[in-house]
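Undergrad: So I've got this file, coords_39.tsv, and it contains TSV, C-alpha atoms and all ligand atoms:
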chain	number	residue	atom	x	y	z
A	142	MET	CA	-46.77	37.79	19.28
A	143	LYS	CA	-47.68	39.25	15.95
A	144	ARG	CA	-50.55	41.18	17.50
A	145	PHE	CA	-48.21	42.42	20.24
A	146	LEU	CA	-45.80	43.74	17.61
A	147	VAL	CA	-48.60	45.48	15.75
A	148	ILE	CA	-49.68	47.20	18.96
A	149	CYS	CA	-46.06	48.22	19.67
A	150	ILE	CA	-45.69	49.72	16.23
A	151	ALA	CA	-49.03	51.52	16.60
A	152	VAL	CA	-47.97	52.98	19.96
A	153	LEU	CA	-44.57	54.00	18.63
A	154	THR	CA	-46.19	55.70	15.64
A	155	MET	CA	-48.55	57.59	17.91
A	156	VAL	CA	-45.67	58.72	20.12
A	157	SER	CA	-43.56	59.89	17.21
A	158	CYS	CA	-46.57	61.63	15.64
A	159	SER	CA	-47.41	63.49	18.83
A	160	GLU	CA	-43.76	64.48	19.28
A	161	GLU	CA	-43.73	65.79	15.74
A	162	ARG	CA	-46.70	67.99	16.54
A	163	THR	CA	-44.99	69.57	19.56
A	164	LYS	CA	-44.24	73.09	18.52
A	165	ILE	CA	-43.68	76.27	20.47
A	166	PRO	CA	-45.95	79.27	19.72
A	167	VAL	CA	-44.31	81.63	17.24
A	168	TYR	CA	-45.27	85.21	16.34
A	169	ALA	CA	-43.60	87.63	13.95
A	170	TRP	CA	-43.41	91.38	13.43
A	171	THR	CA	-44.08	92.32	9.84
A	172	GLY	CA	-45.83	95.00	7.84
A	173	GLY	CA	-47.19	96.27	4.56
A	174	PRO	CA	-49.14	95.89	2.42
A	175	GLY	CA	-47.67	98.53	0.07
A	176	ASP	CA	-48.68	97.71	-3.50
A	177	ALA	CA	-49.01	93.96	-2.91
A	178	THR	CA	-52.04	92.26	-4.45
A	179	ASP	CA	-54.26	89.89	-2.49
A	180	LEU	CA	-52.67	86.96	-4.33
A	181	GLU	CA	-49.17	88.07	-3.37
A	182	LEU	CA	-50.19	88.60	0.25
A	183	LYS	CA	-51.89	85.20	0.39
A	184	ALA	CA	-48.75	83.47	-0.89
A	185	LYS	CA	-46.61	85.29	1.66
A	186	PHE	CA	-48.90	84.48	4.58
A	187	ARG	CA	-49.19	80.82	3.54
A	188	ASP	CA	-45.40	80.67	3.50
A	189	PHE	CA	-45.15	82.18	7.00
A	190	LYS	CA	-47.70	79.68	8.30
A	191	ALA	CA	-45.88	76.73	6.70
A	192	LYS	CA	-42.66	77.87	8.38
A	193	GLY	CA	-44.31	77.63	11.81
A	194	ILE	CA	-45.58	81.17	12.45
A	195	ASP	CA	-48.88	81.24	14.37
A	196	GLY	CA	-49.65	84.95	14.44
A	197	LEU	CA	-48.57	88.28	12.98
A	198	MET	CA	-48.01	91.66	14.60
A	199	TYR	CA	-48.83	93.61	11.47
A	200	ASN	CA	-47.84	97.23	10.88
A	201	GLY	CA	-50.13	98.69	8.24
A	202	GLY	CA	-50.66	102.32	9.22
A	203	GLN	CA	-53.72	103.73	10.97
A	204	ASN	CA	-56.56	103.02	8.52
A	205	PRO	CA	-58.97	100.33	9.80
A	206	GLU	CA	-59.84	99.40	6.18
A	207	THR	CA	-56.25	98.22	5.58
A	208	TYR	CA	-56.50	95.92	8.59
A	209	LYS	CA	-59.86	94.61	7.40
A	210	ARG	CA	-58.40	93.59	4.04
A	211	VAL	CA	-55.07	92.22	5.28
A	212	GLY	CA	-56.62	90.64	8.39
A	213	ALA	CA	-58.99	88.55	6.27
A	214	LEU	CA	-56.04	87.15	4.30
A	215	VAL	CA	-53.97	86.45	7.43
A	216	LYS	CA	-56.90	84.62	9.04
A	217	GLU	CA	-57.48	82.67	5.83
A	218	ALA	CA	-53.87	81.48	6.07
A	219	GLY	CA	-54.65	80.21	9.59
A	220	MET	CA	-52.79	82.80	11.66
A	221	GLU	CA	-53.78	85.26	14.40
A	222	PHE	CA	-53.87	88.89	13.37
A	223	HIS	CA	-52.65	91.64	15.71
A	224	THR	CA	-52.31	95.22	14.52
A	225	TRP	CA	-48.91	96.73	15.31
A	226	ILE	CA	-49.48	100.49	15.58
A	227	PRO	CA	-46.99	102.85	17.27
A	228	THR	CA	-48.47	104.62	20.30
A	229	MET	CA	-46.61	107.65	21.69
A	230	VAL	CA	-44.65	108.35	18.48
A	231	GLN	CA	-46.94	110.24	16.12
A	232	GLY	CA	-45.97	112.26	13.07
A	233	GLU	CA	-47.70	115.45	12.00
A	234	ASN	CA	-51.43	114.83	11.92
A	235	PRO	CA	-54.37	117.26	11.67
A	236	LYS	CA	-56.02	115.32	14.51
A	237	ILE	CA	-53.11	116.03	16.87
A	238	ASP	CA	-52.65	119.46	18.43
A	239	LYS	CA	-48.96	120.49	18.53
A	240	GLU	CA	-49.43	121.20	22.24
A	241	LEU	CA	-49.78	117.46	22.84
A	242	TYR	CA	-46.12	116.72	22.08
A	243	ALA	CA	-43.69	116.08	24.95
A	244	HIS	CA	-41.05	118.60	26.07
A	245	ASN	CA	-37.53	117.78	27.18
A	246	ARG	CA	-35.68	119.24	30.19
A	247	LYS	CA	-34.36	122.05	27.97
A	248	GLY	CA	-37.97	123.01	27.18
A	249	GLU	CA	-37.82	121.84	23.55
A	250	SER	CA	-40.85	120.19	21.95
A	251	ALA	CA	-40.40	116.68	20.53
A	252	PHE	CA	-42.36	117.91	17.53
A	253	ASP	CA	-39.97	120.76	16.64
A	254	LYS	CA	-36.77	119.17	17.84
A	255	PRO	CA	-37.06	115.39	18.16
A	256	ALA	CA	-34.25	113.49	19.91
A	257	TYR	CA	-31.83	111.32	17.88
A	258	VAL	CA	-33.90	110.93	14.70
A	259	ASP	CA	-36.58	112.89	12.84
A	260	TYR	CA	-39.41	110.49	13.59
A	261	TYR	CA	-38.94	110.70	17.39
A	262	LYS	CA	-41.98	112.95	17.75
A	263	PHE	CA	-43.33	111.67	21.08
A	264	LEU	CA	-46.61	112.77	22.62
A	265	CYS	CA	-46.94	113.70	26.30
A	266	PRO	CA	-48.75	110.85	28.10
A	267	ASN	CA	-50.15	113.32	30.66
A	268	LYS	CA	-52.42	115.17	28.20
A	269	GLU	CA	-56.07	114.18	27.90
A	270	GLY	CA	-55.91	114.96	24.17
A	271	THR	CA	-53.25	112.27	23.78
A	272	TYR	CA	-55.54	109.67	25.35
A	273	GLU	CA	-58.48	110.86	23.25
A	274	PHE	CA	-56.49	110.53	20.02
A	275	LEU	CA	-55.17	107.08	20.92
A	276	SER	CA	-58.44	105.68	22.27
A	277	ASP	CA	-60.21	106.75	19.09
A	278	LEU	CA	-57.47	105.20	16.91
A	279	TYR	CA	-57.23	101.86	18.73
A	280	GLY	CA	-60.97	101.69	19.34
A	281	ARG	CA	-61.73	101.96	15.62
A	282	VAL	CA	-59.11	99.35	14.69
A	283	ALA	CA	-60.18	96.98	17.49
A	284	ALA	CA	-63.75	97.16	16.15
A	285	VAL	CA	-62.63	95.53	12.88
A	286	GLU	CA	-63.90	91.96	12.90
A	287	GLU	CA	-60.71	90.48	11.42
A	288	VAL	CA	-58.52	91.96	14.17
A	289	ASP	CA	-57.66	89.63	17.07
A	290	GLY	CA	-55.64	92.12	19.07
A	291	ILE	CA	-53.99	95.51	19.30
A	292	HIS	CA	-50.21	95.51	19.60
A	293	LEU	CA	-48.78	98.68	21.17
A	294	ASP	CA	-45.26	99.82	20.30
A	295	TYR	CA	-43.32	102.96	21.29
A	296	ILE	CA	-45.53	102.97	24.37
A	297	ARG	CA	-42.89	104.85	26.33
A	298	PHE	CA	-40.80	108.01	26.68
A	299	PRO	CA	-37.88	108.69	24.32
A	300	ASP	CA	-34.73	106.82	25.38
A	301	VAL	CA	-33.28	108.90	28.20
A	302	ILE	CA	-30.37	106.45	28.03
A	303	LEU	CA	-29.68	104.75	24.71
A	304	ALA	CA	-28.89	101.03	24.60
A	305	GLU	CA	-25.10	100.76	24.75
A	306	GLY	CA	-24.89	99.10	21.33
A	307	LEU	CA	-26.17	102.37	19.81
A	308	TRP	CA	-23.74	104.79	21.49
A	309	ASP	CA	-21.17	104.67	18.68
A	310	LYS	CA	-23.82	105.13	16.00
A	311	TYR	CA	-25.01	108.39	17.57
A	312	GLY	CA	-21.57	109.45	18.87
A	313	LEU	CA	-22.80	109.53	22.47
A	314	VAL	CA	-21.62	108.23	25.83
A	315	MET	CA	-24.83	107.94	27.81
A	316	ASP	CA	-23.60	107.30	31.32
A	317	GLN	CA	-26.16	109.74	32.74
A	318	GLU	CA	-29.54	111.34	31.92
A	319	PHE	CA	-28.85	114.35	29.68
A	320	PRO	CA	-31.44	117.20	29.52
A	321	GLU	CA	-32.08	116.98	25.77
A	322	TYR	CA	-33.18	113.33	26.02
A	323	ASP	CA	-35.07	113.62	29.32
A	324	TYR	CA	-38.90	114.03	28.99
A	325	CYS	CA	-41.51	115.30	29.85
A	326	TYR	CA	-41.13	118.75	31.36
A	327	CYS	CA	-44.27	120.33	29.88
A	328	ASP	CA	-46.32	122.54	32.20
A	329	ALA	CA	-48.90	119.82	32.83
A	330	CYS	CA	-46.25	117.29	33.90
A	331	THR	CA	-44.20	119.59	36.10
A	332	SER	CA	-47.21	121.20	37.82
A	333	ASP	CA	-49.02	117.88	38.38
A	334	PHE	CA	-45.83	116.45	39.85
A	335	LYS	CA	-45.46	119.44	42.16
A	336	LYS	CA	-49.04	119.04	43.36
A	337	LYS	CA	-48.47	115.37	44.03
A	338	SER	CA	-45.02	115.45	45.61
A	339	GLY	CA	-44.41	119.04	46.67
A	340	ILE	CA	-41.23	119.00	44.54
A	341	ASP	CA	-40.60	121.68	41.90
A	342	ILE	CA	-38.63	119.47	39.53
A	343	LYS	CA	-37.55	122.46	37.41
A	344	THR	CA	-35.45	123.72	40.32
A	345	VAL	CA	-33.75	120.39	41.05
A	346	GLU	CA	-30.15	120.27	39.88
A	347	ASP	CA	-30.11	116.55	39.01
A	348	PRO	CA	-33.69	115.27	38.46
A	349	SER	CA	-32.35	111.77	37.72
A	350	GLN	CA	-31.79	111.42	41.47
A	351	VAL	CA	-35.45	112.06	42.36
A	352	ARG	CA	-37.08	108.66	42.76
A	353	GLU	CA	-40.63	110.08	42.91
A	354	TRP	CA	-40.12	111.85	39.56
A	355	LYS	CA	-39.13	108.59	37.93
A	356	GLN	CA	-42.13	106.84	39.44
A	357	PHE	CA	-44.46	109.66	38.35
A	358	ARG	CA	-43.42	109.11	34.75
A	359	TYR	CA	-43.59	105.29	34.92
A	360	ASP	CA	-47.14	105.78	36.20
A	361	LEU	CA	-48.10	108.11	33.32
A	362	ILE	CA	-47.30	105.37	30.81
A	363	THR	CA	-48.89	102.67	32.97
A	364	ASN	CA	-52.10	104.72	33.26
A	365	MET	CA	-52.21	105.26	29.51
A	366	VAL	CA	-51.86	101.51	28.82
A	367	ASN	CA	-54.47	100.62	31.41
A	368	ARG	CA	-56.97	103.11	30.00
A	369	LEU	CA	-56.36	101.85	26.45
A	370	SER	CA	-56.75	98.30	27.71
A	371	LYS	CA	-60.36	99.09	28.65
A	372	VAL	CA	-61.05	100.51	25.17
A	373	VAL	CA	-59.66	97.42	23.43
A	374	HIS	CA	-61.27	94.91	25.79
A	375	LYS	CA	-64.63	96.61	25.29
A	376	GLU	CA	-64.39	95.55	21.64
A	377	GLY	CA	-63.70	91.99	22.79
A	378	LYS	CA	-60.09	92.07	21.58
A	379	VAL	CA	-56.78	91.44	23.35
A	380	LEU	CA	-54.10	94.04	24.10
A	381	ASN	CA	-50.38	93.33	24.04
A	382	ALA	CA	-47.22	95.38	23.62
A	383	ALA	CA	-43.63	95.39	22.40
A	384	VAL	CA	-41.48	96.53	25.32
A	385	PHE	CA	-37.85	96.92	26.31
A	386	PRO	CA	-36.33	93.98	28.20
A	387	GLY	CA	-36.38	93.51	31.92
A	388	PRO	CA	-38.32	95.48	33.06
A	389	SER	CA	-35.05	96.65	34.70
A	390	ILE	CA	-33.70	97.88	31.34
A	391	ALA	CA	-37.12	99.14	30.22
A	392	LYS	CA	-37.45	101.34	33.33
A	393	LYS	CA	-33.94	102.73	33.10
A	394	LEU	CA	-33.92	103.49	29.37
A	395	VAL	CA	-37.50	104.38	28.45
A	396	ARG	CA	-39.54	104.48	31.69
A	397	GLN	CA	-41.68	101.42	31.08
A	398	GLU	CA	-42.77	99.66	34.26
A	399	TRP	CA	-44.54	97.11	32.11
A	400	ASN	CA	-45.00	94.49	34.79
A	401	LYS	CA	-47.80	96.75	36.08
A	402	TRP	CA	-49.64	97.05	32.78
A	403	ASP	CA	-53.06	95.47	32.05
A	404	LEU	CA	-51.88	93.43	29.06
A	405	ASP	CA	-52.92	90.03	27.77
A	406	ALA	CA	-49.37	89.25	26.65
A	407	VAL	CA	-45.96	90.95	26.65
A	408	TYR	CA	-43.46	90.91	23.78
A	409	PRO	CA	-40.10	92.07	25.23
A	410	MET	CA	-37.58	92.98	22.55
A	411	ASN	CA	-34.76	90.78	23.86
A	412	TYR	CA	-32.38	92.13	21.25
A	413	ASN	CA	-29.07	91.03	22.73
A	414	ASP	CA	-26.81	92.85	20.26
A	415	PHE	CA	-28.26	96.24	21.27
A	416	TYR	CA	-26.97	95.60	24.78
A	417	LEU	CA	-23.65	94.14	23.58
A	418	LYS	CA	-24.70	90.74	24.94
A	419	ASP	CA	-24.46	87.25	23.44
A	420	ALA	CA	-27.33	84.88	22.61
A	421	GLU	CA	-27.13	83.27	26.07
A	422	TRP	CA	-28.33	86.56	27.57
A	423	VAL	CA	-31.75	86.11	25.92
A	424	GLY	CA	-32.46	83.30	28.39
A	425	THR	CA	-31.17	85.29	31.36
A	426	VAL	CA	-33.36	88.30	30.62
A	427	THR	CA	-36.39	86.10	29.85
A	428	ASN	CA	-36.01	84.68	33.35
A	429	GLU	CA	-36.33	88.19	34.81
A	430	GLU	CA	-39.35	88.93	32.60
A	431	VAL	CA	-41.31	85.82	33.52
A	432	LYS	CA	-40.64	86.43	37.24
A	433	ALA	CA	-41.63	90.12	36.92
A	434	VAL	CA	-45.19	89.14	36.00
A	435	ASN	CA	-45.20	86.11	38.37
A	436	GLY	CA	-45.87	83.92	35.36
A	437	SER	CA	-49.37	85.44	35.16
A	438	ILE	CA	-49.10	86.90	31.65
A	439	PRO	CA	-47.55	85.12	28.64
A	440	ILE	CA	-44.10	86.41	27.70
A	441	TYR	CA	-43.15	86.08	24.03
A	442	SER	CA	-39.42	86.56	23.71
A	443	GLY	CA	-38.65	88.98	20.85
A	444	LEU	CA	-35.64	87.89	18.78
A	445	PHE	CA	-33.68	90.28	16.55
A	446	ILE	CA	-32.43	88.51	13.43
A	447	CYS	CA	-29.23	89.43	11.60
A	448	PRO	CA	-30.18	90.11	7.95
A	449	ASN	CA	-26.71	89.48	6.50
A	450	PRO	CA	-24.98	86.91	8.70
A	451	GLU	CA	-21.87	86.67	6.53
A	452	ASN	CA	-21.27	90.40	6.96
A	453	LYS	CA	-22.06	90.85	10.67
A	454	THR	CA	-18.47	91.32	11.85
A	455	ASN	CA	-17.86	94.12	9.32
A	456	GLU	CA	-21.17	95.83	9.97
A	457	ASN	CA	-21.04	99.01	12.06
A	458	ASP	CA	-24.77	99.73	12.23
A	459	PRO	CA	-26.33	97.76	15.11
A	460	GLU	CA	-29.64	97.77	13.21
A	461	ASN	CA	-27.95	95.19	10.94
A	462	HIS	CA	-26.66	93.05	13.80
A	463	GLY	CA	-28.73	90.31	15.41
A	464	LEU	CA	-28.88	86.57	15.79
A	465	LEU	CA	-26.83	84.42	13.42
A	466	PRO	CA	-28.19	81.05	12.28
A	467	SER	CA	-25.78	79.42	14.77
A	468	GLU	CA	-27.30	81.48	17.63
A	469	ILE	CA	-30.98	80.80	16.93
A	470	GLU	CA	-31.12	77.58	18.92
A	471	THR	CA	-29.47	79.16	21.97
A	472	ALA	CA	-31.87	82.11	21.94
A	473	ILE	CA	-35.01	79.98	21.53
A	474	ARG	CA	-33.93	77.34	24.03
A	475	GLY	CA	-32.94	80.01	26.56
A	476	SER	CA	-36.30	81.76	26.17
A	477	MET	CA	-38.36	78.60	26.52
A	478	GLU	CA	-36.38	77.01	29.35
A	479	ASN	CA	-36.75	80.22	31.32
A	480	GLY	CA	-40.52	80.28	31.08
A	481	ALA	CA	-41.40	82.14	27.86
A	482	THR	CA	-44.69	81.02	26.32
A	483	GLY	CA	-43.22	81.42	22.84
A	484	ILE	CA	-41.11	83.69	20.68
A	485	CYS	CA	-41.58	86.57	18.22
A	486	LEU	CA	-39.31	87.16	15.23
A	487	PHE	CA	-38.00	90.54	14.14
A	488	THR	CA	-38.45	89.84	11.33
A	489	PRO	CA	-39.29	86.85	9.09
A	490	ASP	CA	-38.03	88.84	6.10
A	491	ARG	CA	-34.56	89.13	7.68
A	492	MET	CA	-34.32	85.32	8.00
A	493	LYS	CA	-31.93	83.51	5.63
A	494	ALA	CA	-32.32	79.83	4.62
A	495	GLU	CA	-29.79	78.85	7.33
A	496	HIS	CA	-31.82	80.77	9.94
A	497	TRP	CA	-34.99	78.90	8.94
A	498	GLU	CA	-33.20	75.53	9.18
A	499	ALA	CA	-32.00	76.23	12.73
A	500	PHE	CA	-35.37	77.77	13.60
A	501	GLU	CA	-37.32	74.71	12.45
A	502	ARG	CA	-35.23	72.39	14.61
A	503	ALA	CA	-35.61	74.69	17.61
A	504	ILE	CA	-39.37	75.30	17.43
A	505	TYR	CA	-40.24	71.60	17.08
A	506	THR	CA	-38.56	70.78	20.38
A	507	ASP	CA	-40.28	70.06	23.68
A	508	TYR	CA	-38.82	72.37	26.32
A	509	SER	CA	-41.23	71.40	29.07
A	510	LYS	CA	-39.00	68.62	30.42
A	511	LYS	CA	-35.88	70.56	31.21
B	601	ZN	ZN	-45.88	116.39	29.65
Kindly present the structure from the file in structure tokens form.
TA:
Amino acid sequence: MKRFLVICIAVLTMVSCSEERTKIPVYAWTGGPGDATDLELKAKFRDFKAKGIDGLMYNGGQNPETYKRVGALVKEAGMEFHTWIPTMVQGENPKIDKELYAHNRKGESAFDKPAYVDYYKFLCPNKEGTYEFLSDLYGRVAAVEEVDGIHLDYIRFPDVILAEGLWDKYGLVMDQEFPEYDYCYCDACTSDFKKKSGIDIKTVEDPSQVREWKQFRYDLITNMVNRLSKVVHKEGKVLNAAVFPGPSIAKKLVRQEWNKWDLDAVYPMNYNDFYLKDAEWVGTVTNEEVKAVNGSIPIYSGLFICPNPENKTNENDPENHGLLPSEIETAIRGSMENGATGICLFTPDRMKAEHWEAFERAIYTDYSKK
């Protein structure tokens, strides 16, 4: 009897230990390093790891040396290291000819007259020079030993329709595609489209009604991703991307047909507050995302965290909205029960102590037995 009890206790201990170890994969968007010393970075990365973060999407500019230094420290802390480098949005750079920037339907260059905000200087994805610049950039970073993967962001056109949660901020009602936000009407794009479809899009009264024109532009982004995928894979590294949700929303707002991209993982920004949706919606949209790739590529559900939960109801700027501590569990559970492989936090630095408490409970839960 005594031996039987000992065995029971041993089995129970094993079960509880293995349950304790069950944790969902967690990534986080973060950046730097600014003036931080190696010691400071090490402490920060150790803290992230202890909180349950398995990998970072790290925004550190375009210099491979930065990623070499920071990557070594991230790996030392036991996390994966992916470099988060914006793709189609590029500021003034001697390596980039001004002719490579996209043009809107009014004929204005995104370099001279960017839409919405100053940094919205988007390149045209139909220019060979754009590919050459990006393949050189990502190729050099992917060659860095400490880098596990390249994380694309702003791999899209400017928002032809803004997310509804942003309409008030910019004083716009975007119930249709307006010419100043509709790209790209450069000579290369319009003439290539005419050759392909026979349609002179510059003479069409409402181009938003031309299905082939939409598809042509989805394909330009898809082709760019798929060409960059070859560059990154050649270095033996993975390629993934931050995308808009859906892809129904991604196609409508920014012309990303990301379910056709050669990616190793997708990180949809399921930022419910931008779409005036509640935390339950995160699960609903994750369901669409997992189905869109037939479950063949991991989906990491991107969660937008509210930096000042106590002030959310008084806050007008949607950039300061996001998930409250009380909504974390709903968003994580919804993502996981609808087939996400894990989640990605935007950002760990926005998380308050109450967020981390709810987060810890939610990530150490087994969602496989729904
Ligand atoms: Zn163009």
Undergrad: Using all atoms listed in the file, which protein or nucleic acid residues are at most 7 Å from ligand ZN 601 (chain B), as an mmCIF file with C-alpha atoms, keeping the file's coordinate frame?
TA:
data_model
loop_
_atom_site.group_PDB
_atom_site.id
_atom_site.type_symbol
_atom_site.label_atom_id
_atom_site.label_comp_id
_atom_site.auth_asym_id
_atom_site.auth_seq_id
_atom_site.Cartn_x
_atom_site.Cartn_y
_atom_site.Cartn_z
ATOM 1 C CA ALA A 243 -43.690 116.080 24.950
ATOM 2 C CA HIS A 244 -41.050 118.600 26.070
ATOM 3 C CA CYS A 265 -46.940 113.700 26.300
ATOM 4 C CA PRO A 266 -48.750 110.850 28.100
ATOM 5 C CA ASN A 267 -50.150 113.320 30.660
ATOM 6 C CA LYS A 268 -52.420 115.170 28.200
ATOM 7 C CA CYS A 325 -41.510 115.300 29.850
ATOM 8 C CA TYR A 326 -41.130 118.750 31.360
ATOM 9 C CA CYS A 327 -44.270 120.330 29.880
ATOM 10 C CA ASP A 328 -46.320 122.540 32.200
ATOM 11 C CA ALA A 329 -48.900 119.820 32.830
ATOM 12 C CA CYS A 330 -46.250 117.290 33.900
#
Undergrad: Which one is closest to A:Ser476: A:Glu429, A:Glu318, A:Asp323, A:Asp179? Count all atoms listed in the file.
TA: A:Glu429
Undergrad: Would you list the contacts of A:Thr331 as a list in words, taking every protein, DNA or RNA residue within 12 Å and counting all atoms listed in the file, but skipping same-chain residues closer than 4 positions in sequence?
TA: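 Non-adjacent residues within range: Ala243, His244, Asn245, Arg246, Gly248, Cys265, Asn267, Tyr324, Cys325, Tyr326, Cys327, Lys335, Lys336, Lys337, Ser338, Gly339, Ile340, Asp341, Ile342, Lys343, Thr344, Val345, Pro348, Trp354, Phe357 and Arg358 of chain A.
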Undergrad: Considering all atoms listed in the file, return as number ranges by chain whatever protein or nucleic-acid residues lie within 8 Å of stretch 383-397 of chain A, sequence-local ones (same chain, fewer than 4 positions apart) excluded.
TA: A: 292-304, 355, 358-359, 362-363, 407-411, 426-427, 429-430, 433
Undergrad: So what do you get for atom CA of A:Tyr416 versus atom CA of A:Leu307, distance-wise?
TA: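 Atom CA of A:Leu307 lies 8.4 Å from atom CA of A:Tyr416.
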Undergrad: For a test of reading the model, state the distance in Å between atom CA of A:Lys216 and atom CA of A:His374, rounded to one decimal.
TA: 20.1 Å
Undergrad: What separation in Å, quoted to one decimal, exists between atom CA of A:Asp277 and atom CA of A:Ala169?
TA: 25.8 Å
Undergrad: I'd like the neighbourhood of A:Phe487 as a PyMOL selection string, where a residue qualifies if any of its atoms comes within 9 Å (using all atoms listed in the file), though same-chain residues fewer than 3 positions away should be ignored.
TA: chain A and resi 169-171+410+443-446+490-492
Undergrad: I'd like to know which of A:Thr271, A:Asn364, A:Gln350, A:Asn479 is closest to A:Lys401, using only C-alpha atoms.
TA: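 Answer, going by the shortest atom-to-atom distance: A:Asn364.
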Undergrad: Tell me, as number ranges by chain, which residues lie within 12 Å of A:Gly196, counting only C-alpha atoms; anything in the same chain fewer than 4 positions away does not count.
TA: A: 166-171, 186-187, 189-192, 212, 215-225, 288-290, 292, 441, 483-486, 489
Undergrad: Using only C-alpha atoms, which of the listed residues (A:Leu241, A:Ala499, A:Met198, A:Gly436) sits closest to A:Asn381?
TA: A:Met198
Undergrad: Which of these, A:Met315, A:Met229, A:Leu464, A:Val373, has the shortest distance to A:Arg281 once you count all atoms listed in the file?
TA: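 Of the candidates, the smallest distance to A:Arg281 is held by A:Val373.
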